[in-house]
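Trainee: Dropping in data13.cif, which is mmCIF, C-alpha atoms:
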data_entry
#
loop_
_atom_site.label_atom_id
_atom_site.label_comp_id
_atom_site.auth_asym_id
_atom_site.auth_seq_id
_atom_site.Cartn_x
_atom_site.Cartn_y
_atom_site.Cartn_z
CA MET X 1 -20.32 17.19 37.79
CA ILE X 2 -22.73 15.42 35.47
CA ARG X 3 -22.41 18.26 33.00
CA VAL X 4 -18.63 17.89 33.00
CA LEU X 5 -18.93 14.17 32.40
CA LEU X 6 -21.41 14.71 29.59
CA THR X 7 -19.15 17.29 27.95
CA PHE X 8 -16.28 14.85 28.23
CA LEU X 9 -18.38 12.10 26.65
CA ALA X 10 -19.50 14.44 23.87
CA ALA X 11 -15.86 15.31 23.18
CA LEU X 12 -14.99 11.62 22.94
CA ILE X 13 -17.73 11.09 20.39
CA ALA X 14 -16.99 14.29 18.46
CA LEU X 15 -13.28 13.64 18.09
CA PRO X 16 -13.46 10.66 15.70
CA LEU X 17 -16.21 12.36 13.73
CA SER X 18 -14.06 15.42 13.13
CA ALA X 19 -11.33 13.22 11.64
CA GLN X 20 -13.45 12.58 8.54
CA ASP X 21 -13.74 14.86 5.59
CA THR X 22 -17.17 16.15 4.62
CA MET X 23 -16.56 16.49 0.90
CA PRO X 24 -18.88 14.70 -1.54
CA PRO X 25 -17.40 11.51 -3.03
CA ALA X 26 -15.61 11.64 -6.39
CA PRO X 27 -17.99 11.33 -9.39
CA TYR X 28 -17.18 7.69 -10.11
CA ALA X 29 -16.69 6.55 -6.50
CA TYR X 30 -20.23 5.19 -6.20
CA ASN X 31 -21.60 5.66 -9.73
CA GLN X 32 -21.20 2.91 -12.27
CA LEU X 33 -20.10 3.44 -15.84
CA ASP X 34 -22.96 3.55 -18.37
CA ASP X 35 -21.44 0.83 -20.55
CA PRO X 36 -22.02 -2.52 -18.74
CA ALA X 37 -19.00 -4.13 -20.43
CA LEU X 38 -16.66 -1.35 -19.25
CA GLU X 39 -18.22 -1.40 -15.79
CA ALA X 40 -17.62 -5.16 -15.59
CA GLN X 41 -13.95 -4.60 -16.47
CA ALA X 42 -13.66 -1.86 -13.85
CA THR X 43 -15.39 -3.93 -11.15
CA ALA X 44 -13.20 -6.96 -11.82
CA LEU X 45 -10.10 -4.78 -11.49
CA MET X 46 -11.36 -3.02 -8.34
CA HIS X 47 -11.78 -6.38 -6.60
CA THR X 48 -8.05 -7.06 -7.08
CA LEU X 49 -6.73 -3.70 -5.87
CA ARG X 50 -5.93 -3.17 -2.21
CA CYS X 51 -7.36 -0.24 -0.30
CA LEU X 52 -4.41 1.72 1.14
CA LYS X 53 -6.31 3.03 4.17
CA CYS X 54 -8.00 -0.23 5.14
CA GLN X 55 -5.39 -2.71 4.07
CA SER X 56 -7.31 -5.95 4.26
CA GLN X 57 -10.09 -4.80 1.94
CA SER X 58 -10.20 -4.32 -1.78
CA ILE X 59 -11.17 -0.88 -3.03
CA ALA X 60 -14.43 -2.43 -4.27
CA ASP X 61 -15.32 -3.42 -0.69
CA SER X 62 -14.22 -0.31 1.18
CA ASP X 63 -16.12 2.83 2.08
CA ALA X 64 -12.99 4.79 2.97
CA PRO X 65 -12.91 8.11 1.07
CA MET X 66 -9.55 7.19 -0.41
CA ALA X 67 -10.94 3.89 -1.75
CA GLY X 68 -13.72 5.93 -3.40
CA ASP X 69 -11.10 8.16 -4.99
CA MET X 70 -9.24 5.07 -6.22
CA ARG X 71 -12.46 3.66 -7.72
CA HIS X 72 -12.91 7.01 -9.48
CA GLN X 73 -9.40 6.66 -10.93
CA VAL X 74 -10.15 3.10 -12.12
CA ARG X 75 -13.50 3.94 -13.70
CA SER X 76 -12.42 7.20 -15.33
CA ARG X 77 -9.27 5.55 -16.73
CA ILE X 78 -11.28 2.62 -18.10
CA LEU X 79 -13.64 5.16 -19.67
CA ALA X 80 -10.64 6.96 -21.20
CA GLY X 81 -9.67 3.70 -22.91
CA GLU X 82 -6.93 2.37 -20.63
CA SER X 83 -6.76 -1.39 -20.15
CA PRO X 84 -7.06 -2.93 -16.65
CA ALA X 85 -3.43 -4.11 -16.94
CA GLU X 86 -2.28 -0.54 -17.64
CA ILE X 87 -4.18 0.82 -14.65
CA ARG X 88 -2.75 -1.89 -12.38
CA ALA X 89 0.75 -1.07 -13.66
CA TRP X 90 0.10 2.64 -13.00
CA LEU X 91 -0.80 1.92 -9.37
CA VAL X 92 2.03 -0.60 -8.86
CA ALA X 93 4.47 2.06 -10.13
CA ARG X 94 3.23 4.27 -7.27
CA TYR X 95 2.64 1.88 -4.39
CA GLY X 96 4.62 -1.24 -5.33
CA ASP X 97 3.22 -4.80 -5.51
CA TYR X 98 1.47 -4.06 -2.24
CA VAL X 99 -1.48 -2.39 -3.95
CA SER X 100 -2.26 -5.40 -6.14
CA TYR X 101 -3.96 -8.57 -4.90
CA THR X 102 -2.86 -10.41 -8.04
CA PRO X 103 0.57 -11.83 -7.28
CA THR X 104 3.37 -11.32 -9.78
CA VAL X 105 6.67 -13.19 -9.99
CA SER X 106 9.39 -11.10 -8.35
CA ALA X 107 12.55 -11.53 -6.30
CA SER X 108 10.51 -12.08 -3.13
CA THR X 109 7.57 -14.07 -4.53
CA TRP X 110 9.22 -16.62 -6.83
CA PRO X 111 9.23 -19.44 -4.22
CA LEU X 112 5.41 -19.24 -4.18
CA PHE X 113 5.43 -20.26 -7.82
CA ALA X 114 8.48 -22.54 -7.76
CA ILE X 115 7.56 -24.73 -4.75
CA PRO X 116 4.33 -26.21 -6.22
CA VAL X 117 6.13 -27.00 -9.48
CA LEU X 118 8.97 -28.63 -7.52
CA LEU X 119 6.51 -30.71 -5.45
CA ILE X 120 4.68 -31.89 -8.57
CA LEU X 121 8.00 -32.91 -10.13
CA ILE X 122 9.02 -34.88 -7.01
CA VAL X 123 5.64 -36.63 -6.84
CA ALA X 124 5.81 -37.43 -10.56
CA ALA X 125 9.31 -38.87 -10.13
CA VAL X 126 8.22 -41.09 -7.19
CA LEU X 127 5.09 -42.16 -9.07
CA LEU X 128 7.03 -43.04 -12.22
CA ARG X 129 9.52 -45.07 -10.20
CA ARG X 130 6.74 -47.04 -8.54
CA LEU X 131 4.76 -47.58 -11.72
CA GLY X 132 7.93 -48.60 -13.52
CA ARG X 133 8.71 -51.15 -10.82
CA ARG X 134 5.18 -52.55 -10.89
CA ARG X 135 5.39 -52.95 -14.64
CA ALA X 136 8.73 -54.72 -14.20
CA ASP X 137 7.11 -57.02 -11.61
CA ALA X 138 4.22 -57.73 -13.96
CA GLY X 139 6.78 -58.49 -16.65
CA ASP X 140 8.50 -60.95 -14.30
CA ALA X 141 5.18 -62.57 -13.45
CA SER X 142 4.18 -63.31 -17.03
CA MET Y 143 6.97 -69.02 -11.97
CA THR Y 144 5.66 -69.31 -8.45
CA ASP Y 145 8.90 -68.45 -6.71
CA LYS Y 146 9.01 -64.71 -7.02
CA PRO Y 147 12.41 -63.08 -6.80
CA PRO Y 148 12.84 -62.03 -3.15
CA SER Y 149 14.32 -58.75 -4.36
CA LYS Y 150 10.94 -57.01 -4.71
CA ASN Y 151 10.17 -56.43 -1.05
CA THR Y 152 13.71 -55.78 0.06
CA GLU Y 153 14.13 -53.32 -2.77
CA ARG Y 154 11.06 -51.42 -1.61
CA MET Y 155 12.48 -51.39 1.89
CA ASP Y 156 15.70 -49.92 0.51
CA PHE Y 157 14.01 -46.63 -0.38
CA TRP Y 158 15.98 -44.06 1.65
CA LEU Y 159 12.93 -42.39 3.26
CA TRP Y 160 11.88 -45.63 4.93
CA LYS Y 161 15.32 -46.06 6.44
CA LEU Y 162 14.88 -43.01 8.69
CA PRO Y 163 14.25 -43.92 12.32
CA LEU Y 164 10.59 -44.24 13.29
CA GLY Y 165 10.97 -41.41 15.84
CA ILE Y 166 11.30 -38.82 13.12
CA TRP Y 167 7.92 -39.78 11.66
CA LEU Y 168 6.30 -39.51 15.07
CA TRP Y 169 7.84 -36.17 16.01
CA ALA Y 170 7.91 -34.40 12.67
CA PRO Y 171 4.27 -33.22 12.75
CA LEU Y 172 4.65 -31.93 16.29
CA ALA Y 173 7.89 -30.15 15.39
CA LEU Y 174 6.20 -28.61 12.37
CA PHE Y 175 3.29 -27.44 14.49
CA ALA Y 176 5.65 -26.00 17.11
CA PHE Y 177 7.54 -24.16 14.36
CA PHE Y 178 4.39 -22.49 13.00
CA ALA Y 179 3.04 -21.72 16.47
CA GLY Y 180 6.39 -20.17 17.36
CA LEU Y 181 6.44 -18.18 14.12
CA ALA Y 182 2.92 -16.87 14.76
CA GLY Y 183 3.85 -15.94 18.34
CA TYR Y 184 7.00 -14.18 17.18
CA MET Y 185 5.19 -12.20 14.50
CA LEU Y 186 2.55 -11.12 17.03
CA THR Y 187 5.24 -9.46 19.14
CA GLN Y 188 6.70 -7.58 16.16
CA ASP Y 189 5.67 -4.02 15.31
CA LYS Y 190 3.44 -3.88 12.29
CA THR Y 191 4.18 -1.04 9.92
CA GLU Y 192 0.94 0.23 8.47
CA PHE Y 193 2.79 2.59 6.16
CA VAL Y 194 2.89 2.05 2.43
CA GLU Y 195 5.99 3.72 1.05
CA SER Y 196 5.74 5.54 -2.24
CA ALA Y 197 7.46 3.82 -5.14
CA MET Y 198 7.84 7.25 -6.76
CA ILE Y 199 10.97 8.29 -4.84
CA GLY Y 200 13.67 9.04 -7.42
CA GLN Y 201 10.99 9.59 -10.07
CA SER Y 202 9.93 12.85 -11.61
CA LEU Y 203 6.94 14.56 -10.03
CA PRO Y 204 3.88 13.88 -12.25
CA ASP Y 205 2.31 16.85 -13.97
CA PHE Y 206 -0.59 18.46 -12.16
CA ALA Y 207 -2.35 21.80 -11.70
CA LEU Y 208 -4.67 22.31 -8.74
CA LYS Y 209 -7.00 25.21 -8.04
CA PRO Y 210 -6.43 27.30 -4.88
CA ALA Y 211 -7.64 25.56 -1.71
CA PHE Y 212 -8.99 28.91 -0.42
CA ASP Y 213 -8.83 32.48 -1.68
CA GLY Y 214 -5.89 33.56 0.51
CA LEU Y 215 -3.13 31.70 -1.39
CA PRO Y 216 -2.55 30.65 -5.02
CA GLY Y 217 -3.16 27.05 -6.12
CA ALA Y 218 -0.32 24.63 -6.82
CA ALA Y 219 1.03 23.12 -10.04
CA ARG Y 220 4.08 21.00 -10.86
CA SER Y 221 5.78 24.07 -12.36
CA ASP Y 222 5.58 25.80 -8.95
CA LEU Y 223 7.80 23.10 -7.46
CA VAL Y 224 10.50 23.09 -10.15
CA GLY Y 225 13.59 25.33 -10.27
CA GLY Y 226 15.47 27.31 -7.62
CA GLN Y 227 15.80 25.65 -4.20
CA PRO Y 228 14.44 22.23 -3.18
CA ARG Y 229 11.01 22.48 -1.62
CA LEU Y 230 8.72 20.51 0.63
CA LEU Y 231 5.42 19.26 -0.73
CA ASN Y 232 3.10 18.75 2.23
CA ILE Y 233 -0.01 16.58 1.79
CA TRP Y 234 -2.48 17.51 4.51
CA ALA Y 235 -6.09 18.31 5.35
CA SER Y 236 -7.90 20.51 7.86
CA TRP Y 237 -9.88 17.46 9.04
CA CYS Y 238 -6.71 15.51 9.85
CA LEU Y 239 -5.78 15.54 13.54
CA PRO Y 240 -2.06 14.70 13.19
CA CYS Y 241 -1.85 17.70 10.84
CA ILE Y 242 -2.58 19.93 13.86
CA ALA Y 243 0.31 18.31 15.73
CA GLU Y 244 2.50 18.87 12.69
CA ALA Y 245 1.64 22.57 12.22
CA PRO Y 246 4.26 24.01 14.65
CA GLN Y 247 6.98 21.88 13.03
CA LEU Y 248 6.07 23.15 9.57
CA GLU Y 249 6.23 26.68 11.04
CA ALA Y 250 9.72 25.90 12.34
CA LEU Y 251 10.83 24.66 8.90
CA HIS Y 252 9.30 27.75 7.29
CA ALA Y 253 11.22 29.95 9.77
CA GLN Y 254 14.43 28.27 8.56
CA GLY Y 255 13.69 29.49 5.04
CA VAL Y 256 12.19 26.30 3.61
CA GLU Y 257 9.49 26.82 1.01
CA ILE Y 258 6.48 24.58 1.69
CA VAL Y 259 3.83 23.95 -0.94
CA GLY Y 260 0.66 22.40 0.41
CA ILE Y 261 -1.92 20.10 -1.13
CA ALA Y 262 -5.19 19.97 0.81
CA ILE Y 263 -6.97 16.63 0.41
CA ARG Y 264 -10.79 16.60 0.18
CA ASP Y 265 -11.08 19.93 1.95
CA ARG Y 266 -13.42 22.94 2.02
CA PRO Y 267 -12.09 26.51 1.53
CA GLU Y 268 -13.60 27.80 4.79
CA ASP Y 269 -12.11 24.86 6.74
CA VAL Y 270 -8.67 25.48 5.22
CA ALA Y 271 -8.88 29.21 6.12
CA ASN Y 272 -9.97 28.37 9.69
CA PHE Y 273 -7.18 25.81 10.13
CA LEU Y 274 -4.52 28.30 8.96
CA ALA Y 275 -5.95 31.08 11.15
CA ARG Y 276 -5.82 28.81 14.17
CA HIS Y 277 -2.60 26.84 13.60
CA GLY Y 278 -0.51 29.22 11.47
CA ASN Y 279 0.29 29.33 7.76
CA PRO Y 280 3.72 28.03 6.69
CA TYR Y 281 2.66 27.60 3.04
CA THR Y 282 3.39 29.69 -0.04
CA ARG Y 283 0.73 27.89 -2.08
CA ILE Y 284 -2.01 25.36 -1.38
CA GLY Y 285 -3.71 23.36 -4.10
CA ALA Y 286 -7.09 21.71 -3.54
CA ASP Y 287 -7.14 17.98 -4.35
CA ASP Y 288 -10.82 17.14 -3.98
CA ILE Y 289 -10.57 13.59 -5.37
CA SER Y 290 -7.04 12.69 -4.14
CA GLU Y 291 -5.80 12.50 -7.74
CA VAL Y 292 -2.41 14.13 -7.12
CA GLN Y 293 -2.06 12.19 -3.87
CA LEU Y 294 -2.55 8.93 -5.79
CA ALA Y 295 -0.27 10.10 -8.61
CA ILE Y 296 2.69 10.57 -6.24
CA GLY Y 297 2.11 7.36 -4.28
CA SER Y 298 0.96 8.94 -1.04
CA SER Y 299 -1.44 6.82 1.01
CA GLY Y 300 -2.59 9.19 3.75
CA VAL Y 301 -2.35 12.54 5.50
CA PRO Y 302 -0.05 14.02 6.52
CA GLU Y 303 2.84 13.13 4.27
CA THR Y 304 5.72 15.34 3.22
CA PHE Y 305 7.87 15.00 0.11
CA VAL Y 306 11.21 16.63 -0.73
CA ILE Y 307 11.18 17.86 -4.34
CA ASP Y 308 14.47 18.97 -5.90
CA ALA Y 309 14.98 21.78 -8.42
CA ALA Y 310 14.63 19.35 -11.34
CA GLY Y 311 11.20 18.28 -10.08
CA VAL Y 312 12.38 14.86 -8.87
CA ILE Y 313 10.82 13.37 -5.70
CA ARG Y 314 13.82 12.78 -3.42
CA TYR Y 315 12.37 11.80 -0.04
CA GLN Y 316 9.10 10.90 1.61
CA HIS Y 317 8.17 11.48 5.23
CA ILE Y 318 5.08 9.51 6.30
CA GLY Y 319 2.98 10.77 9.20
CA ASP Y 320 3.19 14.00 11.17
CA ILE Y 321 6.57 15.72 11.38
CA ARG Y 322 7.94 15.62 14.93
CA GLU Y 323 10.58 17.94 16.32
CA SER Y 324 13.12 15.13 15.90
CA ASP Y 325 12.29 14.87 12.18
CA ILE Y 326 13.29 18.47 11.41
CA PRO Y 327 17.08 17.84 11.20
CA ILE Y 328 16.35 14.82 8.94
CA LEU Y 329 14.19 16.88 6.59
CA LEU Y 330 16.73 19.73 6.54
CA ALA Y 331 19.47 17.22 5.70
CA GLU Y 332 17.34 15.72 2.90
CA LEU Y 333 16.68 19.20 1.53
CA GLU Y 334 20.43 19.89 1.63
CA LYS Y 335 21.13 16.59 -0.16
CA ALA Y 336 18.60 17.52 -2.84
CA ARG Y 337 20.33 20.84 -3.50
#
Just give me the structure of the file as structure tokens.
Mentor:
Amino acid sequence: MIRVLLTFLAALIALPLSAQDTMPPAPYAYNQLDDPALEAQATALMHTLRCLKCQSQSIADSDAPMAGDMRHQVRSRILAGESPAEIRAWLVARYGDYVSYTPTVSASTWPLFAIPVLLILIVAAVLLRRLGRRRADAGDAS
Amino acid sequence: MTDKPPSKNTERMDFWLWKLPLGIWLWAPLALFAFFAGLAGYMLTQDKTEFVESAMIGQSLPDFALKPAFDGLPGAARSDLVGGQPRLLNIWASWCLPCIAEAPQLEALHAQGVEIVGIAIRDRPEDVANFLARHGNPYTRIGADDISEVQLAIGSSGVPETFVIDAAGVIRYQHIGDIRESDIPILLAELEKAR
């Protein structure tokens, strides 16, 4: 009976383990670029790209194999002379805005940008009205 | 000079916002809170889709050439998916459990005359051979994608995923997750549409 239970337990533990690949990570998944300036560019970009497997982490923060493969893409493309903006555009063309943590203005996101501007305009209008009135009062007083 | 015009205070009281009944100012914060609490509660009951759809549907398949995933079948390149009949491009791995569930359905599609080209993600040749020996081989070719580069290039975010590729090499449809029996008519219809 105990043996059956133990086998069952072992199977429970073994199952999740078997769902991982055993391949070594891509060359640039955990290795930095030799040029510190290029590595800084790559790291900055990786912090603003979303991991597709673990969707609340950036690929810089994630240890998922796919995040490693995405870091390899970023670093090898930077090394090949692509700009961070080009690499982001390449990924957005494949996964949509979802993959980028840097918001862009689009049909669904424009209110995010428009509402603060609108609020500032309203506050400015109210403020100007009040200041104008105070100045008028001061003018009356003199 | 000392008698100020009485207009100042009354004018300030004229401002339309101040004319609203006092009740609104008392209840507005509570109403706002109730709205957000309700919204949060509603969203908690909704299904969350974890899938990220490829933005490459309707686009041409990017160029690639992958070495064979094991020595029993040739590797896969873009040119192998272009021309003739529409094909299925199946992204899978021997270490992926849903891929086992999917295997009989791929066999069924293969039996209906559908050509299936596989791409094995981060996989070892001996594991691929074992998987096919155990669960059947519906593939004509399997390329080895050891660093997920083709997977990333076509906008796939996991295994298994299956793409319909037409004769011109255009990605026409994406199926995310394992293929169930109920998905077979859908895939056959998409293949027919891509003809």
Trainee: Spell out the residues picked by the PyMOL selection byres ((chain X and resi 96) around 10) here, as number ranges by chain.
Mentor: X: 89-95, 97-100; Y: 194-198, 297
Trainee: Please, which residues of chain Y lie no more than 9 Å from chain X when the count uses all atoms listed in the file, and can they be set out as a PyMOL selection string?
Mentor: chain Y and resi 143-144+146-147+150+192-198+235-239+263-266+288-291+294-300
Trainee: Applying 7 Å and all atoms listed in the file, which residues near Y:Ile261 remain after dropping the ones on its own chain fewer than 2 positions away? List them as a VMD selection string.
Mentor: chain Y and resid 232 to 234 259 263 284 to 287
Trainee: With distances taken over all atoms listed in the file, which residue among Y:Ala211, Y:Ala275, Y:Ile199, Y:Val270 lies nearest Y:Thr304?
Mentor: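 The answer is Y:Ile199, which sits nearest to Y:Thr304.
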Trainee: What separation in Å, quoted to one decimal, exists between atom CA of Y:Pro204 and atom CA of Y:Ile313?
Mentor: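 Pair atom CA of Y:Pro204 / atom CA of Y:Ile313 returns 9.6 Å.
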Trainee: Please indicate the distance in Å from atom CA of Y:Val292 to atom CA of Y:Gln254, rounded to one decimal place.
Mentor: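 Atom CA of Y:Gln254 lies at a distance of 27.0 Å from atom CA of Y:Val292.
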Trainee: Using the chain letters and numbers from the file, which residues does the PyMOL selection byres ((chain Y and resi 249) around 12) grab, as a list in words?
Mentor: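 Taken over the shown coordinates, the PyMOL selection byres ((chain Y and resi 249) around 12) returns Ile242, Ala243, Glu244, Ala245, Pro246, Gln247, Leu248, Ala250, Leu251, His252, Ala253, Gln254, Gly255, Val256, Glu257, Ile258, Leu274, His277, Gly278, Asn279, Pro280, Tyr281, Thr282, Ile321, Arg322, Glu323 and Ile326 of chain Y.
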Trainee: The selected residues should be written to file as an mmCIF file, in the frame of the given file (atoms: C-alpha atoms).
Mentor:
data_model
loop_
_atom_site.group_PDB
_atom_site.id
_atom_site.type_symbol
_atom_site.label_atom_id
_atom_site.label_comp_id
_atom_site.auth_asym_id
_atom_site.auth_seq_id
_atom_site.Cartn_x
_atom_site.Cartn_y
_atom_site.Cartn_z
ATOM 1 C CA ILE Y 242 -2.580 19.930 13.860
ATOM 2 C CA ALA Y 243 0.310 18.310 15.730
ATOM 3 C CA GLU Y 244 2.500 18.870 12.690
ATOM 4 C CA ALA Y 245 1.640 22.570 12.220
ATOM 5 C CA PRO Y 246 4.260 24.010 14.650
ATOM 6 C CA GLN Y 247 6.980 21.880 13.030
ATOM 7 C CA LEU Y 248 6.070 23.150 9.570
ATOM 8 C CA ALA Y 250 9.720 25.900 12.340
ATOM 9 C CA LEU Y 251 10.830 24.660 8.900
ATOM 10 C CA HIS Y 252 9.300 27.750 7.290
ATOM 11 C CA ALA Y 253 11.220 29.950 9.770
ATOM 12 C CA GLN Y 254 14.430 28.270 8.560
ATOM 13 C CA GLY Y 255 13.690 29.490 5.040
ATOM 14 C CA VAL Y 256 12.190 26.300 3.610
ATOM 15 C CA GLU Y 257 9.490 26.820 1.010
ATOM 16 C CA ILE Y 258 6.480 24.580 1.690
ATOM 17 C CA LEU Y 274 -4.520 28.300 8.960
ATOM 18 C CA HIS Y 277 -2.600 26.840 13.600
ATOM 19 C CA GLY Y 278 -0.510 29.220 11.470
ATOM 20 C CA ASN Y 279 0.290 29.330 7.760
ATOM 21 C CA PRO Y 280 3.720 28.030 6.690
ATOM 22 C CA TYR Y 281 2.660 27.600 3.040
ATOM 23 C CA THR Y 282 3.390 29.690 -0.040
ATOM 24 C CA ILE Y 321 6.570 15.720 11.380
ATOM 25 C CA ARG Y 322 7.940 15.620 14.930
ATOM 26 C CA GLU Y 323 10.580 17.940 16.320
ATOM 27 C CA ILE Y 326 13.290 18.470 11.410
#
Trainee: The PyMOL selection byres ((chain Y and resi 314) around 8) - which residues does that actually catch in the file I just gave you? List them as JSON, numbers by chain.
Mentor: {"Y": [199, 200, 201, 305, 306, 307, 308, 312, 313, 315, 316, 332, 336]}
Trainee: Do you have the atom CA of X:Arg50-atom CA of X:Ile87 distance handy?
Mentor: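 So the answer is 13.2 Å.
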Trainee: Between Y:His317, Y:Leu174, Y:Ala182, Y:Leu230, which has the minimum distance to Y:Leu333 (counting only C-alpha atoms)?
Mentor: Y:Leu230
